[in-house]
Amino acid sequence: MIDSKTLLNRFLTYVKIDSQSNPNSESTPSTEKQWTIAHLLKEELERIGLQDVSIDDKAYIMATLPSNVDHEVPTIGFVSHFDTSPDFKASNIKPQIHENYDGGDILLNAEKNIILSPDYFEDLKLYKGQTLITTDGTTLLSADDKAGITEIIMAMEYLVDHPEIKHGKIRVGFTPDEEIGRGAHHFDVEKFGAAYAYTMDGSQIGELEYENFNAASATLKFKGTSVHPGYAKGKMVNSMYLAQKFIDVLPKEEVPEQTEGYEGFFHLSKMNGNIELSELNYIIRDHDKAKFEARKELFEGIVAKMNKTHGQEVVELEIHDQYYNMKEKVEPIKYIVDIAEQAMKELHITPILKPIRGGTDGAQLSYKGLPCPNIFAGGHNFHGKFEYVPLESMVKASEVIVKIAELTAGR
């Protein structure tokens, strides 16, 4: 159905373009280099025959595949992001192709002895006999989310070339800066004009997600008093020890490395300090809204107690909500998840419905009025040198898009 060779070549073209976003930039897009792939994608959408192709001053791309049926069908959308994670090197990417994977270790880089092994990454065993696309061990691959971009464009091209497949109006949206949490910030839902959409940004083949964390960031500043250590008794307050006291009060088992499924956590993502001032940066996550609020209240309670104990404001706390669980917005129209599930089953893909232990553009878009479940794009081990994607999973993801379009028109 979808030509794997064309898909592979398109994907390799995209991943070789450095489009890393930058959390320290206040512009949109956050890096000038994102414009390179943005302009290319606009040209690609025009070339394959989509209409109303647009790119705005913040690099958000939208396009339309018109309906080819004479009955009313809801307008649906497919969304992916073209920026690449800032967590690891994303320039000079040299993807490697491993045909007919034998199920064993993959030598990514002989010089540095970097090996992608199923002994550590057990999911590799799922793809024995398939074609794997990996890094050379020195960069990430950027399958997150250039796999999703590729799959959407391949599906739209296929629908253009096969008008016998009936579908309603389809909207395509590509965004910058998803990896730094801003992908949906300037997404014009009204302009997009879809009743609902799907982000193609999941991992393993079969993944179908409509639940994600409620998320907040927290910054704590601990204020100390520096005095010569030889004369410090009763006078010195070491801000680093204050920070340590805060850490020690939190439940030790509620951290990312000890939680899974629906379990929430507190994650200390950054710390620095000296005697006078120490700072902790946390992210707070929970699927359950009440538990999420309780986690924030725990922070506030610990801070209040520390300040009361010391008789002064030795701790300052700032908490900012980042995004919320899309389940609240998707569940009332859960048939959109059912359509995706049916599409997978008709393509002999086993659906894997599970909560996202993270965020997605779809969460923010859902709260902006565009309910947006997330579908697998096929990649694994995102944001690092062991990232890989099976070619067959990408082909299947494209076919799922086509099937969703067909099923929606046939409802």
# chains A, B, ... in the order shown; residues from 1 in each chain; ligands from 1
>>> residues_around(residues="stretch 187-199 of chain A", least_positions_apart="5", cutoff="6 Å", atoms="only C-alpha atoms", output="PyMOL selection string")
chain A and resi 75-80+370-374
>>> select_by_dssp(residues="stretch 68-184 of chain A", states="strand (DSSP E or B)", output="list in words")
Ile76, Gly77, Phe78, Val79, Ser80, His81, Thr84, Gln96, Ile97, His98, Ile106, Leu107, Leu108, Asn109, Ile114, Ile115, Leu116, Leu132, Ile133, Thr134, Ile170, Arg171, Val172, Gly173, Phe174 and Thr175 of chain A
>>> write_last_selection(atoms="N, CA, C and O atoms", output="mmCIF file, in the first residue's frame")
data_model
loop_
_atom_site.group_PDB
_atom_site.id
_atom_site.type_symbol
_atom_site.label_atom_id
_atom_site.label_comp_id
_atom_site.auth_asym_id
_atom_site.auth_seq_id
_atom_site.Cartn_x
_atom_site.Cartn_y
_atom_site.Cartn_z
ATOM 1 N N ILE A 76 -11.392 16.169 9.903
ATOM 2 C CA ILE A 76 -10.440 15.622 10.869
ATOM 3 C C ILE A 76 -9.045 16.166 10.553
ATOM 4 O O ILE A 76 -8.797 16.679 9.455
ATOM 5 N N GLY A 77 -8.148 16.051 11.523
ATOM 6 C CA GLY A 77 -6.795 16.562 11.323
ATOM 7 C C GLY A 77 -5.746 15.577 11.776
ATOM 8 O O GLY A 77 -6.014 14.657 12.556
ATOM 9 N N PHE A 78 -4.527 15.773 11.272
ATOM 10 C CA PHE A 78 -3.362 15.003 11.709
ATOM 11 C C PHE A 78 -2.236 15.999 11.962
ATOM 12 O O PHE A 78 -1.958 16.862 11.124
ATOM 13 N N VAL A 79 -1.606 15.862 13.133
ATOM 14 C CA VAL A 79 -0.655 16.869 13.605
ATOM 15 C C VAL A 79 0.650 16.206 14.031
ATOM 16 O O VAL A 79 0.637 15.151 14.676
ATOM 17 N N SER A 80 1.770 16.824 13.675
ATOM 18 C CA SER A 80 3.082 16.398 14.149
ATOM 19 C C SER A 80 3.970 17.622 14.312
ATOM 20 O O SER A 80 3.658 18.693 13.797
ATOM 21 N N HIS A 81 5.103 17.426 15.000
ATOM 22 C CA HIS A 81 6.039 18.537 15.187
ATOM 23 C C HIS A 81 7.345 18.245 14.455
ATOM 24 O O HIS A 81 7.771 17.093 14.349
ATOM 25 N N THR A 84 13.326 19.156 16.935
ATOM 26 C CA THR A 84 14.049 18.023 17.512
ATOM 27 C C THR A 84 14.474 18.365 18.929
ATOM 28 O O THR A 84 14.771 19.522 19.242
ATOM 29 N N GLN A 96 21.706 5.149 10.071
ATOM 30 C CA GLN A 96 22.184 3.875 9.551
ATOM 31 C C GLN A 96 20.997 2.942 9.318
ATOM 32 O O GLN A 96 20.069 2.908 10.136
ATOM 33 N N ILE A 97 21.051 2.184 8.240
ATOM 34 C CA ILE A 97 19.971 1.277 7.866
ATOM 35 C C ILE A 97 20.420 -0.162 8.118
ATOM 36 O O ILE A 97 21.473 -0.579 7.626
ATOM 37 N N HIS A 98 19.613 -0.900 8.862
ATOM 38 C CA HIS A 98 19.939 -2.291 9.179
ATOM 39 C C HIS A 98 18.805 -3.167 8.662
ATOM 40 O O HIS A 98 17.752 -3.296 9.310
ATOM 41 N N ILE A 106 23.505 -4.456 17.831
ATOM 42 C CA ILE A 106 23.778 -3.618 16.659
ATOM 43 C C ILE A 106 24.934 -2.694 17.005
ATOM 44 O O ILE A 106 24.844 -1.900 17.952
ATOM 45 N N LEU A 107 26.020 -2.802 16.258
ATOM 46 C CA LEU A 107 27.170 -1.928 16.477
ATOM 47 C C LEU A 107 26.895 -0.590 15.805
ATOM 48 O O LEU A 107 26.880 -0.484 14.584
ATOM 49 N N LEU A 108 26.665 0.419 16.625
ATOM 50 C CA LEU A 108 26.376 1.751 16.092
ATOM 51 C C LEU A 108 27.656 2.482 15.709
ATOM 52 O O LEU A 108 27.690 3.198 14.711
ATOM 53 N N ASN A 109 28.671 2.303 16.523
ATOM 54 C CA ASN A 109 29.903 3.050 16.292
ATOM 55 C C ASN A 109 31.085 2.217 16.769
ATOM 56 O O ASN A 109 31.283 2.033 17.981
ATOM 57 N N ILE A 114 30.024 1.810 20.656
ATOM 58 C CA ILE A 114 28.648 2.085 21.080
ATOM 59 C C ILE A 114 27.743 1.017 20.467
ATOM 60 O O ILE A 114 27.682 0.868 19.239
ATOM 61 N N ILE A 115 27.042 0.288 21.323
ATOM 62 C CA ILE A 115 26.254 -0.862 20.890
ATOM 63 C C ILE A 115 24.805 -0.707 21.345
ATOM 64 O O ILE A 115 24.526 -0.391 22.509
ATOM 65 N N LEU A 116 23.893 -0.914 20.412
ATOM 66 C CA LEU A 116 22.464 -0.960 20.715
ATOM 67 C C LEU A 116 22.104 -2.425 20.926
ATOM 68 O O LEU A 116 22.148 -3.224 19.985
ATOM 69 N N LEU A 132 15.639 -1.710 10.499
ATOM 70 C CA LEU A 132 15.753 -0.716 11.562
ATOM 71 C C LEU A 132 16.603 0.461 11.089
ATOM 72 O O LEU A 132 17.621 0.272 10.430
ATOM 73 N N ILE A 133 16.179 1.646 11.460
ATOM 74 C CA ILE A 133 16.935 2.865 11.195
ATOM 75 C C ILE A 133 17.455 3.354 12.537
ATOM 76 O O ILE A 133 16.681 3.580 13.477
ATOM 77 N N THR A 134 18.768 3.482 12.664
ATOM 78 C CA THR A 134 19.391 3.881 13.918
ATOM 79 C C THR A 134 20.274 5.105 13.706
ATOM 80 O O THR A 134 20.453 5.589 12.581
ATOM 81 N N ILE A 170 -9.670 16.734 5.189
ATOM 82 C CA ILE A 170 -8.598 16.437 6.129
ATOM 83 C C ILE A 170 -7.678 17.641 6.233
ATOM 84 O O ILE A 170 -7.270 18.218 5.215
ATOM 85 N N ARG A 171 -7.357 17.995 7.458
ATOM 86 C CA ARG A 171 -6.425 19.090 7.695
ATOM 87 C C ARG A 171 -5.114 18.536 8.258
ATOM 88 O O ARG A 171 -5.112 17.619 9.087
ATOM 89 N N VAL A 172 -4.016 19.104 7.823
ATOM 90 C CA VAL A 172 -2.687 18.716 8.271
ATOM 91 C C VAL A 172 -2.063 19.900 9.012
ATOM 92 O O VAL A 172 -2.164 21.042 8.551
ATOM 93 N N GLY A 173 -1.441 19.634 10.155
ATOM 94 C CA GLY A 173 -0.778 20.690 10.911
ATOM 95 C C GLY A 173 0.594 20.257 11.385
ATOM 96 O O GLY A 173 0.737 19.183 11.982
ATOM 97 N N PHE A 174 1.611 21.068 11.104
ATOM 98 C CA PHE A 174 2.977 20.805 11.566
ATOM 99 C C PHE A 174 3.433 21.970 12.433
ATOM 100 O O PHE A 174 3.265 23.136 12.048
ATOM 101 N N THR A 175 4.029 21.656 13.582
ATOM 102 C CA THR A 175 4.348 22.699 14.553
ATOM 103 C C THR A 175 5.824 22.723 14.923
ATOM 104 O O THR A 175 6.495 21.693 14.893
#
>>> closest_residue(among="A:Gly206, A:Gly104, A:His71, A:Phe266", to="A:Leu124", atoms="only C-alpha atoms")
A:Gly104
>>> residues_around(residues="A:Pro355", least_positions_apart="4", cutoff="12 Å", atoms="only C-alpha atoms", output="list in words")
Gly202, Glu207, Leu208, Glu209, Tyr210, Glu211, Asn212, Phe213, Asn214, Glu260, Gly261, Tyr262, Glu263, Gly264, Asp286, His287, Asp288, Asn325, Met326, Lys327, Gly359, Thr360, Ala363, Pro373, Asn374 and Ile375 of chain A
>>> write_last_selection(atoms="N, CA, C and O atoms", output="compact mmCIF listing (two decimals), in the first residue's frame")
# COMPACT_ATOMS: atom_id res chain seq x y z
N GLY A 202 3.46 9.00 18.96
CA GLY A 202 3.68 7.94 19.94
C GLY A 202 4.90 7.12 19.59
O GLY A 202 5.64 7.41 18.66
N GLU A 207 0.54 1.72 19.69
CA GLU A 207 0.21 2.64 20.77
C GLU A 207 -0.92 3.59 20.36
O GLU A 207 -0.90 4.17 19.26
N LEU A 208 -1.88 3.73 21.25
CA LEU A 208 -3.00 4.64 21.06
C LEU A 208 -3.31 5.24 22.42
O LEU A 208 -3.67 4.53 23.36
N GLU A 209 -3.14 6.54 22.54
CA GLU A 209 -3.17 7.18 23.85
C GLU A 209 -4.13 8.37 23.87
O GLU A 209 -4.13 9.18 22.94
N TYR A 210 -4.93 8.42 24.91
CA TYR A 210 -5.78 9.60 25.10
C TYR A 210 -5.78 10.06 26.55
O TYR A 210 -6.63 10.82 26.98
N GLU A 211 -4.80 9.59 27.31
CA GLU A 211 -4.59 10.04 28.68
C GLU A 211 -3.13 10.43 28.84
O GLU A 211 -2.24 9.77 28.33
N ASN A 212 -2.90 11.50 29.55
CA ASN A 212 -1.53 11.94 29.81
C ASN A 212 -1.44 12.57 31.19
O ASN A 212 -2.46 12.76 31.86
N PHE A 213 -0.25 12.87 31.61
CA PHE A 213 -0.06 13.49 32.91
C PHE A 213 -0.71 14.88 32.98
O PHE A 213 -0.76 15.61 31.98
N ASN A 214 -1.18 15.24 34.17
CA ASN A 214 -1.28 16.65 34.54
C ASN A 214 0.13 17.06 34.94
O ASN A 214 0.84 16.30 35.62
N GLU A 260 5.52 3.78 37.36
CA GLU A 260 5.09 3.36 36.03
C GLU A 260 3.57 3.49 35.94
O GLU A 260 2.90 3.78 36.93
N GLY A 261 3.03 3.25 34.74
CA GLY A 261 1.58 3.26 34.55
C GLY A 261 0.95 4.57 34.96
O GLY A 261 1.32 5.64 34.47
N TYR A 262 0.00 4.50 35.88
CA TYR A 262 -0.72 5.69 36.33
C TYR A 262 -0.06 6.35 37.55
O TYR A 262 -0.62 7.30 38.10
N GLU A 263 1.08 5.85 37.97
CA GLU A 263 1.73 6.40 39.16
C GLU A 263 2.39 7.75 38.84
O GLU A 263 3.13 7.87 37.89
N GLY A 264 2.11 8.73 39.69
CA GLY A 264 2.72 10.04 39.51
C GLY A 264 4.06 10.12 40.21
O GLY A 264 4.52 9.18 40.85
N ASP A 286 1.08 13.80 37.56
CA ASP A 286 0.11 12.80 38.00
C ASP A 286 -1.05 12.76 37.01
O ASP A 286 -1.48 13.81 36.52
N HIS A 287 -1.55 11.57 36.72
CA HIS A 287 -2.71 11.45 35.82
C HIS A 287 -4.00 11.88 36.51
O HIS A 287 -4.89 12.43 35.87
N ASP A 288 -4.09 11.61 37.80
CA ASP A 288 -5.29 11.93 38.57
C ASP A 288 -5.26 13.40 39.00
O ASP A 288 -4.30 13.84 39.62
N ASN A 325 -4.46 16.59 31.77
CA ASN A 325 -4.80 15.30 31.19
C ASN A 325 -5.89 15.47 30.13
O ASN A 325 -7.00 15.90 30.45
N MET A 326 -5.56 15.08 28.90
CA MET A 326 -6.52 15.26 27.80
C MET A 326 -7.74 14.35 27.93
O MET A 326 -8.75 14.56 27.25
N LYS A 327 -7.69 13.35 28.79
CA LYS A 327 -8.80 12.41 28.93
C LYS A 327 -10.11 13.14 29.17
O LYS A 327 -11.16 12.75 28.65
N GLY A 359 3.91 14.38 28.16
CA GLY A 359 2.97 15.30 27.55
C GLY A 359 2.99 15.16 26.05
O GLY A 359 3.78 14.43 25.47
N THR A 360 2.10 15.86 25.41
CA THR A 360 2.01 15.84 23.96
C THR A 360 1.30 17.11 23.52
O THR A 360 0.51 17.68 24.30
N ALA A 363 -2.42 17.20 24.21
CA ALA A 363 -3.00 17.58 25.49
C ALA A 363 -3.39 19.06 25.48
O ALA A 363 -4.51 19.44 25.84
N PRO A 373 -6.31 12.67 20.38
CA PRO A 373 -5.58 11.48 20.83
C PRO A 373 -4.24 11.34 20.10
O PRO A 373 -4.02 11.97 19.05
N ASN A 374 -3.39 10.49 20.64
CA ASN A 374 -2.04 10.30 20.10
C ASN A 374 -1.88 8.88 19.56
O ASN A 374 -2.25 7.91 20.21
N ILE A 375 -1.29 8.77 18.38
CA ILE A 375 -1.09 7.49 17.69
C ILE A 375 0.40 7.24 17.53
O ILE A 375 1.19 8.17 17.38
>>> residues_around(residues="stretch 179-184 of chain A", least_positions_apart="6", cutoff="7 Å", atoms="only C-alpha atoms", output="ChimeraX atom specification")
/A:21,23,83-85,361,364-365
>>> atom_distance(atom1="atom CA of A:Lys89", atom2="atom CA of A:Pro390")
21.3 Å
>>> select_by_dssp(residues="stretch 80-203 of chain A", states="alpha helix (DSSP H)", output="list of chain:residue names")
A:Ala143, A:Asp144, A:Asp145, A:Lys146, A:Ala147, A:Gly148, A:Ile149, A:Thr150, A:Glu151, A:Ile152, A:Ile153, A:Met154, A:Ala155, A:Met156, A:Glu157, A:Tyr158, A:Leu159, A:Val160, A:Asp161, A:Val189, A:Glu190, A:Lys191, A:Phe192
>>> write_last_selection(atoms="N, CA, C and O atoms", output="PDB file, in the first residue's frame")
ATOM      1  N   ALA A 143      13.641  10.788  15.028  1.00  0.00           N
ATOM      2  CA  ALA A 143      12.379  10.143  14.650  1.00  0.00           C
ATOM      3  C   ALA A 143      11.228  10.785  15.414  1.00  0.00           C
ATOM      4  O   ALA A 143      10.080  10.731  14.977  1.00  0.00           O
ATOM      5  N   ASP A 144      11.531  11.386  16.531  1.00  0.00           N
ATOM      6  CA  ASP A 144      10.588  12.180  17.312  1.00  0.00           C
ATOM      7  C   ASP A 144      10.739  13.635  16.895  1.00  0.00           C
ATOM      8  O   ASP A 144      11.619  14.328  17.381  1.00  0.00           O
ATOM      9  N   ASP A 145       9.942  14.171  15.982  1.00  0.00           N
ATOM     10  CA  ASP A 145       8.797  13.486  15.431  1.00  0.00           C
ATOM     11  C   ASP A 145       8.818  13.535  13.901  1.00  0.00           C
ATOM     12  O   ASP A 145       7.794  13.696  13.264  1.00  0.00           O
ATOM     13  N   LYS A 146      10.007  13.400  13.350  1.00  0.00           N
ATOM     14  CA  LYS A 146      10.079  13.407  11.892  1.00  0.00           C
ATOM     15  C   LYS A 146       9.525  12.115  11.302  1.00  0.00           C
ATOM     16  O   LYS A 146       9.185  12.075  10.109  1.00  0.00           O
ATOM     17  N   ALA A 147       9.394  11.094  12.140  1.00  0.00           N
ATOM     18  CA  ALA A 147       8.659   9.905  11.702  1.00  0.00           C
ATOM     19  C   ALA A 147       7.195  10.274  11.483  1.00  0.00           C
ATOM     20  O   ALA A 147       6.603   9.933  10.451  1.00  0.00           O
ATOM     21  N   GLY A 148       6.615  10.995  12.444  1.00  0.00           N
ATOM     22  CA  GLY A 148       5.218  11.400  12.310  1.00  0.00           C
ATOM     23  C   GLY A 148       4.992  12.310  11.123  1.00  0.00           C
ATOM     24  O   GLY A 148       3.993  12.176  10.388  1.00  0.00           O
ATOM     25  N   ILE A 149       5.894  13.262  10.912  1.00  0.00           N
ATOM     26  CA  ILE A 149       5.804  14.152   9.752  1.00  0.00           C
ATOM     27  C   ILE A 149       5.796  13.322   8.459  1.00  0.00           C
ATOM     28  O   ILE A 149       4.960  13.527   7.572  1.00  0.00           O
ATOM     29  N   THR A 150       6.741  12.398   8.368  1.00  0.00           N
ATOM     30  CA  THR A 150       6.860  11.558   7.174  1.00  0.00           C
ATOM     31  C   THR A 150       5.591  10.761   6.945  1.00  0.00           C
ATOM     32  O   THR A 150       5.089  10.669   5.805  1.00  0.00           O
ATOM     33  N   GLU A 151       5.060  10.174   7.997  1.00  0.00           N
ATOM     34  CA  GLU A 151       3.883   9.312   7.877  1.00  0.00           C
ATOM     35  C   GLU A 151       2.661  10.086   7.405  1.00  0.00           C
ATOM     36  O   GLU A 151       1.889   9.598   6.566  1.00  0.00           O
ATOM     37  N   ILE A 152       2.488  11.291   7.912  1.00  0.00           N
ATOM     38  CA  ILE A 152       1.343  12.109   7.492  1.00  0.00           C
ATOM     39  C   ILE A 152       1.462  12.481   6.024  1.00  0.00           C
ATOM     40  O   ILE A 152       0.500  12.366   5.249  1.00  0.00           O
ATOM     41  N   ILE A 153       2.636  12.941   5.611  1.00  0.00           N
ATOM     42  CA  ILE A 153       2.813  13.338   4.209  1.00  0.00           C
ATOM     43  C   ILE A 153       2.645  12.141   3.279  1.00  0.00           C
ATOM     44  O   ILE A 153       2.007  12.239   2.220  1.00  0.00           O
ATOM     45  N   MET A 154       3.187  10.988   3.671  1.00  0.00           N
ATOM     46  CA  MET A 154       3.022   9.787   2.848  1.00  0.00           C
ATOM     47  C   MET A 154       1.544   9.413   2.714  1.00  0.00           C
ATOM     48  O   MET A 154       1.077   9.065   1.613  1.00  0.00           O
ATOM     49  N   ALA A 155       0.794   9.493   3.811  1.00  0.00           N
ATOM     50  CA  ALA A 155      -0.629   9.149   3.774  1.00  0.00           C
ATOM     51  C   ALA A 155      -1.410  10.128   2.908  1.00  0.00           C
ATOM     52  O   ALA A 155      -2.281   9.723   2.119  1.00  0.00           O
ATOM     53  N   MET A 156      -1.103  11.420   3.033  1.00  0.00           N
ATOM     54  CA  MET A 156      -1.806  12.411   2.214  1.00  0.00           C
ATOM     55  C   MET A 156      -1.493  12.207   0.733  1.00  0.00           C
ATOM     56  O   MET A 156      -2.388  12.292  -0.125  1.00  0.00           O
ATOM     57  N   GLU A 157      -0.244  11.925   0.418  1.00  0.00           N
ATOM     58  CA  GLU A 157       0.127  11.680  -0.973  1.00  0.00           C
ATOM     59  C   GLU A 157      -0.604  10.451  -1.521  1.00  0.00           C
ATOM     60  O   GLU A 157      -1.068  10.442  -2.670  1.00  0.00           O
ATOM     61  N   TYR A 158      -0.724   9.426  -0.694  1.00  0.00           N
ATOM     62  CA  TYR A 158      -1.410   8.210  -1.121  1.00  0.00           C
ATOM     63  C   TYR A 158      -2.886   8.487  -1.399  1.00  0.00           C
ATOM     64  O   TYR A 158      -3.447   8.022  -2.401  1.00  0.00           O
ATOM     65  N   LEU A 159      -3.517   9.286  -0.529  1.00  0.00           N
ATOM     66  CA  LEU A 159      -4.926   9.607  -0.741  1.00  0.00           C
ATOM     67  C   LEU A 159      -5.132  10.469  -1.981  1.00  0.00           C
ATOM     68  O   LEU A 159      -6.125  10.305  -2.707  1.00  0.00           O
ATOM     69  N   VAL A 160      -4.198  11.368  -2.241  1.00  0.00           N
ATOM     70  CA  VAL A 160      -4.275  12.171  -3.463  1.00  0.00           C
ATOM     71  C   VAL A 160      -4.176  11.275  -4.692  1.00  0.00           C
ATOM     72  O   VAL A 160      -4.922  11.436  -5.676  1.00  0.00           O
ATOM     73  N   ASP A 161      -3.278  10.303  -4.643  1.00  0.00           N
ATOM     74  CA  ASP A 161      -3.029   9.420  -5.789  1.00  0.00           C
ATOM     75  C   ASP A 161      -4.068   8.312  -5.927  1.00  0.00           C
ATOM     76  O   ASP A 161      -4.097   7.623  -6.961  1.00  0.00           O
ATOM     77  N   VAL A 189      -6.420  26.999  16.492  1.00  0.00           N
ATOM     78  CA  VAL A 189      -7.408  25.924  16.377  1.00  0.00           C
ATOM     79  C   VAL A 189      -8.573  26.335  15.485  1.00  0.00           C
ATOM     80  O   VAL A 189      -9.077  25.532  14.687  1.00  0.00           O
ATOM     81  N   GLU A 190      -8.987  27.588  15.589  1.00  0.00           N
ATOM     82  CA  GLU A 190     -10.101  28.064  14.762  1.00  0.00           C
ATOM     83  C   GLU A 190      -9.727  28.030  13.284  1.00  0.00           C
ATOM     84  O   GLU A 190     -10.512  27.586  12.429  1.00  0.00           O
ATOM     85  N   LYS A 191      -8.533  28.468  12.951  1.00  0.00           N
ATOM     86  CA  LYS A 191      -8.076  28.426  11.569  1.00  0.00           C
ATOM     87  C   LYS A 191      -7.951  26.988  11.072  1.00  0.00           C
ATOM     88  O   LYS A 191      -8.285  26.684   9.931  1.00  0.00           O
ATOM     89  N   PHE A 192      -7.487  26.111  11.939  1.00  0.00           N
ATOM     90  CA  PHE A 192      -7.328  24.706  11.559  1.00  0.00           C
ATOM     91  C   PHE A 192      -8.670  24.113  11.161  1.00  0.00           C
ATOM     92  O   PHE A 192      -8.766  23.387  10.170  1.00  0.00           O
TER      93      PHE A 192
END
>>> residues_around(residues="A:Leu250", least_positions_apart="3", cutoff="9 Å", atoms="only C-alpha atoms", output="PyMOL selection string")
chain A and resi 246-247+253-254+266+298-299+302
>>> decode(residues="stretch 53-65 of chain A", atoms="N, CA, C and O atoms", output="PDB file, in the first residue's frame")
ATOM      1  N   VAL A  53      -2.296  25.521   1.481  1.00  0.00           N
ATOM      2  CA  VAL A  53      -1.053  25.324   2.231  1.00  0.00           C
ATOM      3  C   VAL A  53      -0.573  26.683   2.734  1.00  0.00           C
ATOM      4  O   VAL A  53      -0.421  27.624   1.961  1.00  0.00           O
ATOM      5  N   SER A  54      -0.334  26.777   4.021  1.00  0.00           N
ATOM      6  CA  SER A  54       0.079  28.056   4.595  1.00  0.00           C
ATOM      7  C   SER A  54       1.171  27.838   5.631  1.00  0.00           C
ATOM      8  O   SER A  54       1.268  26.779   6.252  1.00  0.00           O
ATOM      9  N   ILE A  55       1.982  28.880   5.798  1.00  0.00           N
ATOM     10  CA  ILE A  55       2.961  28.900   6.889  1.00  0.00           C
ATOM     11  C   ILE A  55       2.932  30.305   7.470  1.00  0.00           C
ATOM     12  O   ILE A  55       3.025  31.300   6.741  1.00  0.00           O
ATOM     13  N   ASP A  56       2.741  30.415   8.773  1.00  0.00           N
ATOM     14  CA  ASP A  56       2.616  31.742   9.367  1.00  0.00           C
ATOM     15  C   ASP A  56       3.965  32.253   9.860  1.00  0.00           C
ATOM     16  O   ASP A  56       5.008  31.616   9.661  1.00  0.00           O
ATOM     17  N   ASP A  57       3.942  33.405  10.516  1.00  0.00           N
ATOM     18  CA  ASP A  57       5.193  34.049  10.913  1.00  0.00           C
ATOM     19  C   ASP A  57       5.877  33.359  12.086  1.00  0.00           C
ATOM     20  O   ASP A  57       6.978  33.728  12.483  1.00  0.00           O
ATOM     21  N   LYS A  58       5.246  32.319  12.622  1.00  0.00           N
ATOM     22  CA  LYS A  58       5.852  31.544  13.702  1.00  0.00           C
ATOM     23  C   LYS A  58       6.161  30.117  13.263  1.00  0.00           C
ATOM     24  O   LYS A  58       6.455  29.253  14.078  1.00  0.00           O
ATOM     25  N   ALA A  59       6.064  29.878  11.956  1.00  0.00           N
ATOM     26  CA  ALA A  59       6.429  28.597  11.322  1.00  0.00           C
ATOM     27  C   ALA A  59       5.384  27.497  11.498  1.00  0.00           C
ATOM     28  O   ALA A  59       5.681  26.323  11.253  1.00  0.00           O
ATOM     29  N   TYR A  60       4.174  27.833  11.898  1.00  0.00           N
ATOM     30  CA  TYR A  60       3.111  26.829  11.947  1.00  0.00           C
ATOM     31  C   TYR A  60       2.588  26.593  10.528  1.00  0.00           C
ATOM     32  O   TYR A  60       2.260  27.539   9.810  1.00  0.00           O
ATOM     33  N   ILE A  61       2.515  25.333  10.163  1.00  0.00           N
ATOM     34  CA  ILE A  61       2.137  24.946   8.804  1.00  0.00           C
ATOM     35  C   ILE A  61       0.773  24.267   8.835  1.00  0.00           C
ATOM     36  O   ILE A  61       0.525  23.411   9.693  1.00  0.00           O
ATOM     37  N   MET A  62      -0.086  24.638   7.907  1.00  0.00           N
ATOM     38  CA  MET A  62      -1.385  23.984   7.763  1.00  0.00           C
ATOM     39  C   MET A  62      -1.670  23.735   6.289  1.00  0.00           C
ATOM     40  O   MET A  62      -1.185  24.474   5.418  1.00  0.00           O
ATOM     41  N   ALA A  63      -2.447  22.690   6.012  1.00  0.00           N
ATOM     42  CA  ALA A  63      -2.799  22.350   4.628  1.00  0.00           C
ATOM     43  C   ALA A  63      -4.082  21.538   4.642  1.00  0.00           C
ATOM     44  O   ALA A  63      -4.492  20.994   5.673  1.00  0.00           O
ATOM     45  N   THR A  64      -4.705  21.447   3.463  1.00  0.00           N
ATOM     46  CA  THR A  64      -6.002  20.783   3.344  1.00  0.00           C
ATOM     47  C   THR A  64      -5.995  19.748   2.232  1.00  0.00           C
ATOM     48  O   THR A  64      -5.510  20.013   1.120  1.00  0.00           O
ATOM     49  N   LEU A  65      -6.552  18.585   2.537  1.00  0.00           N
ATOM     50  CA  LEU A  65      -6.936  17.623   1.503  1.00  0.00           C
ATOM     51  C   LEU A  65      -8.456  17.675   1.433  1.00  0.00           C
ATOM     52  O   LEU A  65      -9.138  17.272   2.374  1.00  0.00           O
TER      53      LEU A  65
END
